[in-house]
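What follows is a short report on a single structure.
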Amino acid sequence: MKRIFLIVLDSFGIGAMPDAPAFADVGVNTLAACAGSRALHIPNLIAAGLGNIDGVSCLPRTDKPLGAAARLTEASQGKDTTIGHWEIAGVISPRPLPTYPEGFPQEVLDAFTQATGRGCLCNKPYSGTDVIRDYGKEHMETGKWIVYTSADSVFQVAAHEDVVPLEELYDACRKARQLLRGEHGVGRVIARPFLGSPENGFQRTPRRHDFSLEPPAETMLDAIKAAGLDTIAVGKIHDIFAGQGDTQYVFNTSNANGMEHTDRFAGEDFHGLCFVNLVDFDMLYGHRRDIEGYARALTEFDAWLGAFLPKLGPEDLVMITADHGCDPAYTATTDHTREYVPLLVLGQGVKPVNLGTRGSFADIAATVTELLGVPYQTPGRSFAKEIL
């Protein structure tokens, strides 16, 4: 293969894994939640074989799928973006990254305050939209950071763009990233800028920026780059891997913008991997428990996919998967959900085979590197010979 497009529909789970209750997730299923919406219209994904995947009963099956399909099990101990993407890229995490259900220790906040010159508000697990509603006015009056977390391994810093310049917010998050290592090595430090007023409400802006922990081992991105091939990162990919392994990157302002970037790269003569993350599914709809919005976003992606597939040449293929779940119908929490994820593989040379239930997301890394002829050691098991 010459070009592989690997597209992560961020949080598009397809049903609870057997260990989901240990993660406080019972009966979760992101796909099933969306399938109940009249807004969902995904003929291209169904034709590709999404309804044929093990355990999927909420969609129709097709007798003649266009590509290969599988259900992927997360082998890592987690359900967050960082660990999910690391595993897709070949690195399994046997231990979860640290989380802070009671907030961060005072010594962490003191060090952050000393490093940045501003105090902190909140320091609790919180919804990102609720936290600026509840602390935005005090932040504007005091200039203190709004520091919060979630069920994921994240240290989030919110600041009003008219109170704290964006570059100061980003610099504070870089300092937090340096502080949060070892025992407190959270997966991501996230800058969360917002605008608005106490009278008219606050809104988060698209200028979010993630500062991730470096992967603990070589990923497929490192291996592909070392082999002299292209590794193009679209959306959050550059941030998730702390800039390691990509030869070119571009950020997204929306799913639509990410799909535009992918179309542009499809028109370029690169050799290697184009790794895409579409985060609106998770950020705008999953966490906000917006079933209709999630279903509409899937419908929009499906329509784009129908126009994208004819752009693939005989040495190209596209893989569509996810990094975890975020069931918009699950009201026990607003956090990610522990789910299997789908894998669809499409291209002119791909056999329409059901790959069953796979043992790890890392099977993607093993397959991508084999298809590109790149040596790489991973616990994942390649399915390259089964699909070509």
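By order of appearance in the structure tokens: chains A, B, ..., then residues from 1 within every chain, and ligands from 1 in the order shown.
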**Surrounding residues of Cys326 of chain A excluding itself and chain neighbours under 4 positions, 6 Å, only C-alpha atoms, as a VMD selection string** = chain A and resid 11 286 336 to 337
Preceding selection exported with all heavy atoms as a PDB file, in the first residue's frame:
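For reference, out33.pdb as written:
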```pdb
ATOM      1  N   SER A  11     -14.850   8.628  20.125  1.00  0.00           N
ATOM      2  CA  SER A  11     -15.870   8.148  21.078  1.00  0.00           C
ATOM      3  C   SER A  11     -16.956   7.273  20.467  1.00  0.00           C
ATOM      4  O   SER A  11     -17.925   6.940  21.145  1.00  0.00           O
ATOM      5  CB  SER A  11     -16.541   9.312  21.830  1.00  0.00           C
ATOM      6  OG  SER A  11     -17.606   9.901  21.102  1.00  0.00           O
ATOM      7  N   GLY A 286     -21.164  13.599  22.644  1.00  0.00           N
ATOM      8  CA  GLY A 286     -21.096  12.524  23.628  1.00  0.00           C
ATOM      9  C   GLY A 286     -21.127  13.050  25.050  1.00  0.00           C
ATOM     10  O   GLY A 286     -22.004  12.697  25.845  1.00  0.00           O
ATOM     11  N   HIS A 336     -16.625   9.404  29.390  1.00  0.00           N
ATOM     12  CA  HIS A 336     -16.435   8.334  28.422  1.00  0.00           C
ATOM     13  C   HIS A 336     -17.010   7.026  28.950  1.00  0.00           C
ATOM     14  O   HIS A 336     -17.146   6.843  30.169  1.00  0.00           O
ATOM     15  CB  HIS A 336     -14.949   8.131  28.132  1.00  0.00           C
ATOM     16  CG  HIS A 336     -14.298   9.303  27.474  1.00  0.00           C
ATOM     17  ND1 HIS A 336     -12.943   9.539  27.550  1.00  0.00           N
ATOM     18  CD2 HIS A 336     -14.797  10.308  26.718  1.00  0.00           C
ATOM     19  CE1 HIS A 336     -12.638  10.631  26.871  1.00  0.00           C
ATOM     20  NE2 HIS A 336     -13.745  11.123  26.364  1.00  0.00           N
ATOM     21  N   THR A 337     -17.301   6.117  28.037  1.00  0.00           N
ATOM     22  CA  THR A 337     -17.839   4.815  28.411  1.00  0.00           C
ATOM     23  C   THR A 337     -16.949   3.707  27.838  1.00  0.00           C
ATOM     24  O   THR A 337     -16.403   3.828  26.741  1.00  0.00           O
ATOM     25  CB  THR A 337     -19.284   4.663  27.913  1.00  0.00           C
ATOM     26  OG1 THR A 337     -19.401   5.138  26.561  1.00  0.00           O
ATOM     27  CG2 THR A 337     -20.229   5.480  28.789  1.00  0.00           C
TER      28      THR A 337
END
```
**Fill in**
Among A:Lys124, A:Gly143, A:Gln203, A:His271, Asp230 of chain A is approached most closely, using only C-alpha atoms, by A:His271
**Request:** For segment 232-237 of chain A, work out the shell of residues within 7 Å, counting only C-alpha atoms and skipping chain neighbours fewer than 4 positions away, then give it as a list in words.
**Result:**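 Everything that qualifies: Phe241, Asp246, Thr247, Gln248, Tyr249, Val250, Phe251, Asn252, Gly258, Leu273, Cys274, Phe275, Val276, Asn277 and Leu278 of chain A.
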Selection to disk with N, CA and C atoms, as a PDB file, in the first residue's frame:
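As a result, again11.pdb now contains:
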```pdb
ATOM      1  N   PHE A 241      -0.070  12.714  20.678  1.00  0.00           N
ATOM      2  CA  PHE A 241       1.235  12.049  20.681  1.00  0.00           C
ATOM      3  C   PHE A 241       2.372  13.011  21.008  1.00  0.00           C
ATOM      4  N   ASP A 246       5.132  12.566  13.872  1.00  0.00           N
ATOM      5  CA  ASP A 246       4.497  13.080  12.660  1.00  0.00           C
ATOM      6  C   ASP A 246       5.480  13.915  11.845  1.00  0.00           C
ATOM      7  N   THR A 247       5.302  13.894  10.530  1.00  0.00           N
ATOM      8  CA  THR A 247       6.129  14.691   9.638  1.00  0.00           C
ATOM      9  C   THR A 247       5.411  15.954   9.191  1.00  0.00           C
ATOM     10  N   GLN A 248       4.104  15.989   9.414  1.00  0.00           N
ATOM     11  CA  GLN A 248       3.290  17.144   9.047  1.00  0.00           C
ATOM     12  C   GLN A 248       2.029  17.093   9.896  1.00  0.00           C
ATOM     13  N   TYR A 249       1.515  18.255  10.310  1.00  0.00           N
ATOM     14  CA  TYR A 249       0.293  18.237  11.094  1.00  0.00           C
ATOM     15  C   TYR A 249      -0.540  19.482  10.826  1.00  0.00           C
ATOM     16  N   VAL A 250      -1.836  19.325  11.071  1.00  0.00           N
ATOM     17  CA  VAL A 250      -2.776  20.431  10.945  1.00  0.00           C
ATOM     18  C   VAL A 250      -3.882  20.203  11.966  1.00  0.00           C
ATOM     19  N   PHE A 251      -4.354  21.274  12.604  1.00  0.00           N
ATOM     20  CA  PHE A 251      -5.430  21.161  13.579  1.00  0.00           C
ATOM     21  C   PHE A 251      -6.786  21.377  12.902  1.00  0.00           C
ATOM     22  N   ASN A 252      -7.836  20.899  13.556  1.00  0.00           N
ATOM     23  CA  ASN A 252      -9.206  21.080  13.074  1.00  0.00           C
ATOM     24  C   ASN A 252      -9.930  22.126  13.916  1.00  0.00           C
ATOM     25  N   GLY A 258     -11.949  19.016   9.609  1.00  0.00           N
ATOM     26  CA  GLY A 258     -11.082  17.842   9.556  1.00  0.00           C
ATOM     27  C   GLY A 258     -11.305  17.029   8.295  1.00  0.00           C
ATOM     28  N   LEU A 273       1.093   7.383   6.049  1.00  0.00           N
ATOM     29  CA  LEU A 273      -0.143   7.363   6.842  1.00  0.00           C
ATOM     30  C   LEU A 273      -0.682   8.771   7.027  1.00  0.00           C
ATOM     31  N   CYS A 274      -1.984   8.931   6.816  1.00  0.00           N
ATOM     32  CA  CYS A 274      -2.716  10.140   7.197  1.00  0.00           C
ATOM     33  C   CYS A 274      -3.645   9.753   8.335  1.00  0.00           C
ATOM     34  N   PHE A 275      -3.325  10.211   9.549  1.00  0.00           N
ATOM     35  CA  PHE A 275      -3.994   9.807  10.787  1.00  0.00           C
ATOM     36  C   PHE A 275      -4.899  10.962  11.216  1.00  0.00           C
ATOM     37  N   VAL A 276      -6.209  10.710  11.231  1.00  0.00           N
ATOM     38  CA  VAL A 276      -7.205  11.773  11.413  1.00  0.00           C
ATOM     39  C   VAL A 276      -8.018  11.522  12.682  1.00  0.00           C
ATOM     40  N   ASN A 277      -8.224  12.584  13.469  1.00  0.00           N
ATOM     41  CA  ASN A 277      -9.162  12.515  14.594  1.00  0.00           C
ATOM     42  C   ASN A 277     -10.273  13.525  14.362  1.00  0.00           C
ATOM     43  N   LEU A 278     -11.530  13.063  14.482  1.00  0.00           N
ATOM     44  CA  LEU A 278     -12.704  13.931  14.403  1.00  0.00           C
ATOM     45  C   LEU A 278     -13.338  13.955  15.789  1.00  0.00           C
TER      46      LEU A 278
END
```
**Distance query Pro352 of chain A at most 8 Å, only C-alpha atoms, self and fewer than 6 positions along chain excluded, as a list of chain:residue names** = A:Lys64, A:Pro65, A:Leu66, A:Gly67, A:Ala68, A:Ala69, A:Ile387
Would you save the residues of that selection, restricted to N, CA, C and O atoms, as an mmCIF file, in the first residue's frame?
```cif
data_model
loop_
_atom_site.group_PDB
_atom_site.id
_atom_site.type_symbol
_atom_site.label_atom_id
_atom_site.label_comp_id
_atom_site.auth_asym_id
_atom_site.auth_seq_id
_atom_site.Cartn_x
_atom_site.Cartn_y
_atom_site.Cartn_z
ATOM 1 N N LYS A 64 -23.626 -8.077 0.985
ATOM 2 C CA LYS A 64 -22.449 -7.784 0.170
ATOM 3 C C LYS A 64 -21.722 -6.550 0.714
ATOM 4 O O LYS A 64 -21.777 -5.475 0.097
ATOM 5 N N PRO A 65 -21.047 -6.694 1.848
ATOM 6 C CA PRO A 65 -20.328 -5.537 2.409
ATOM 7 C C PRO A 65 -19.225 -5.072 1.465
ATOM 8 O O PRO A 65 -18.606 -5.874 0.769
ATOM 9 N N LEU A 66 -18.968 -3.783 1.500
ATOM 10 C CA LEU A 66 -17.961 -3.205 0.613
ATOM 11 C C LEU A 66 -16.541 -3.391 1.122
ATOM 12 O O LEU A 66 -15.584 -3.232 0.353
ATOM 13 N N GLY A 67 -16.398 -3.690 2.408
ATOM 14 C CA GLY A 67 -15.054 -3.807 2.962
ATOM 15 C C GLY A 67 -14.963 -4.804 4.088
ATOM 16 O O GLY A 67 -15.904 -5.554 4.356
ATOM 17 N N ALA A 68 -13.823 -4.810 4.743
ATOM 18 C CA ALA A 68 -13.601 -5.675 5.896
ATOM 19 C C ALA A 68 -14.109 -4.970 7.156
ATOM 20 O O ALA A 68 -14.109 -3.738 7.241
ATOM 21 N N ALA A 69 -14.531 -5.767 8.139
ATOM 22 C CA ALA A 69 -15.090 -5.197 9.362
ATOM 23 C C ALA A 69 -14.655 -6.015 10.560
ATOM 24 O O ALA A 69 -14.410 -7.224 10.454
ATOM 25 N N ILE A 387 -7.177 -9.295 4.614
ATOM 26 C CA ILE A 387 -8.029 -8.328 3.929
ATOM 27 C C ILE A 387 -7.620 -8.067 2.492
ATOM 28 O O ILE A 387 -8.384 -7.451 1.740
#
```
**Prompt:** Could you write out, as a list in words, all the residues of segment 140-247 of chain A that DSSP marks as alpha helix (DSSP H)?
**Reply:** Met140, Glu141, Thr142, Leu166, Glu167, Glu168, Leu169, Tyr170, Asp171, Ala172, Cys173, Arg174, Lys175, Ala176, Arg177, Gln178, Leu179, Met220, Leu221, Asp222, Ala223, Ile224, Lys225, Ala226, Ile237, His238, Asp239 and Ile240 of chain A
**Prompt:** Using only C-alpha atoms, which residues sit within 12 Å of Pro206 of chain A once same-chain residues fewer than 2 positions away are excluded, as an MDAnalysis selection string?
**Reply:** chainID A and resid 161 166 191:195 203:204 208:210 235 251:255 257 279:280 283:284
**Request:** Rank A:Gly196, A:Gly373, A:Gly27, A:Gly78 by their smallest atom-to-atom distance to Ala223 of chain A, using only C-alpha atoms, and report the top residue only.
**Result:** A:Gly373
**Item:** Nearby residues (only C-alpha atoms) at most 10 Å from Asp80 of chain A, same-chain spacing under 5 positions excluded, as JSON, numbers by chain
**Value:** {"A": [11, 85, 96, 97, 151, 152, 153, 154, 187, 188, 323, 324, 325, 326, 335, 336, 337, 338]}
Which residues of segment 209-261 of chain A come within 10 Å of segment 362-372 of chain A, and for each one, what is the closest pair of atoms and their distance in Å to one decimal, counting only C-alpha atoms, sorted by chain and residue number, as a Markdown table?
```
| residue | atom | partner | partner_atom | distance |
| --- | --- | --- | --- | --- |
| A:Thr219 | CA | A:Ala365 | CA | 8.1 |
| A:Met220 | CA | A:Ala365 | CA | 5.9 |
| A:Leu221 | CA | A:Ala365 | CA | 8.9 |
| A:Ala223 | CA | A:Thr369 | CA | 8.0 |
| A:Ile224 | CA | A:Thr369 | CA | 7.1 |
| A:Ala227 | CA | A:Leu372 | CA | 9.7 |
| A:Leu229 | CA | A:Leu372 | CA | 8.8 |
```
**Message:** Please list as a ChimeraX atom specification every residue within 12 Å of Ile190 of chain A, counting only C-alpha atoms and excluding residues in the same chain fewer than 2 positions away.
**Reply:** /A:128,146-150,152-159,169-177,186-188,192-193,207-213,236,239-240
**Which of A:Ala115, A:Leu305, A:Ala89, A:Leu298 sits closest to Glu260 of chain A [using only C-alpha atoms]** =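 Once distances to Glu260 of chain A are computed over only C-alpha atoms, the minimum belongs to A:Leu305.
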**Asked** So which one's closest to Tyr294 of chain A, A:Val163, A:Ala70, A:Ala329, A:Ala242? Using only C-alpha atoms, please.
**Response** A:Ala329
**Å distance separating atom CA of Leu72 of chain A from atom CA of Ala35 of chain A, one decimal place** =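 Here the two named atoms are 19.7 Å from each other.
When only C-alpha atoms are used to measure the gap to Phe104 of chain A, the shortest distance among A:Arg118, A:His41, A:His184, A:Lys144 belongs to A:His184.
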**Request:** Please measure the separation of atom CA of Leu6 of chain A and atom CA of Phe361 of chain A, giving the value in Å to one decimal.
**Result:** 12.5 Å
**Prompt:** Tell me, which residues of segment 134-325 of chain A carry DSSP strand (DSSP E or B), written as an NGL selection string?
**Reply:** :A and (145-149 or 154-160 or 188-197 or 201-204 or 209-212 or 230-234 or 248-250 or 272-278 or 316-321 or 325)
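For the pair atom CA of Gly228 of chain A and atom CA of Val91 of chain A, the interatomic distance is 21.0 Å.
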**Request:** Find, counting only C-alpha atoms, the residue in A:Ala322, A:Ala303, A:Ile4, A:Cys122 that gets nearest to Gly84 of chain A.
**Result:** A:Ala322
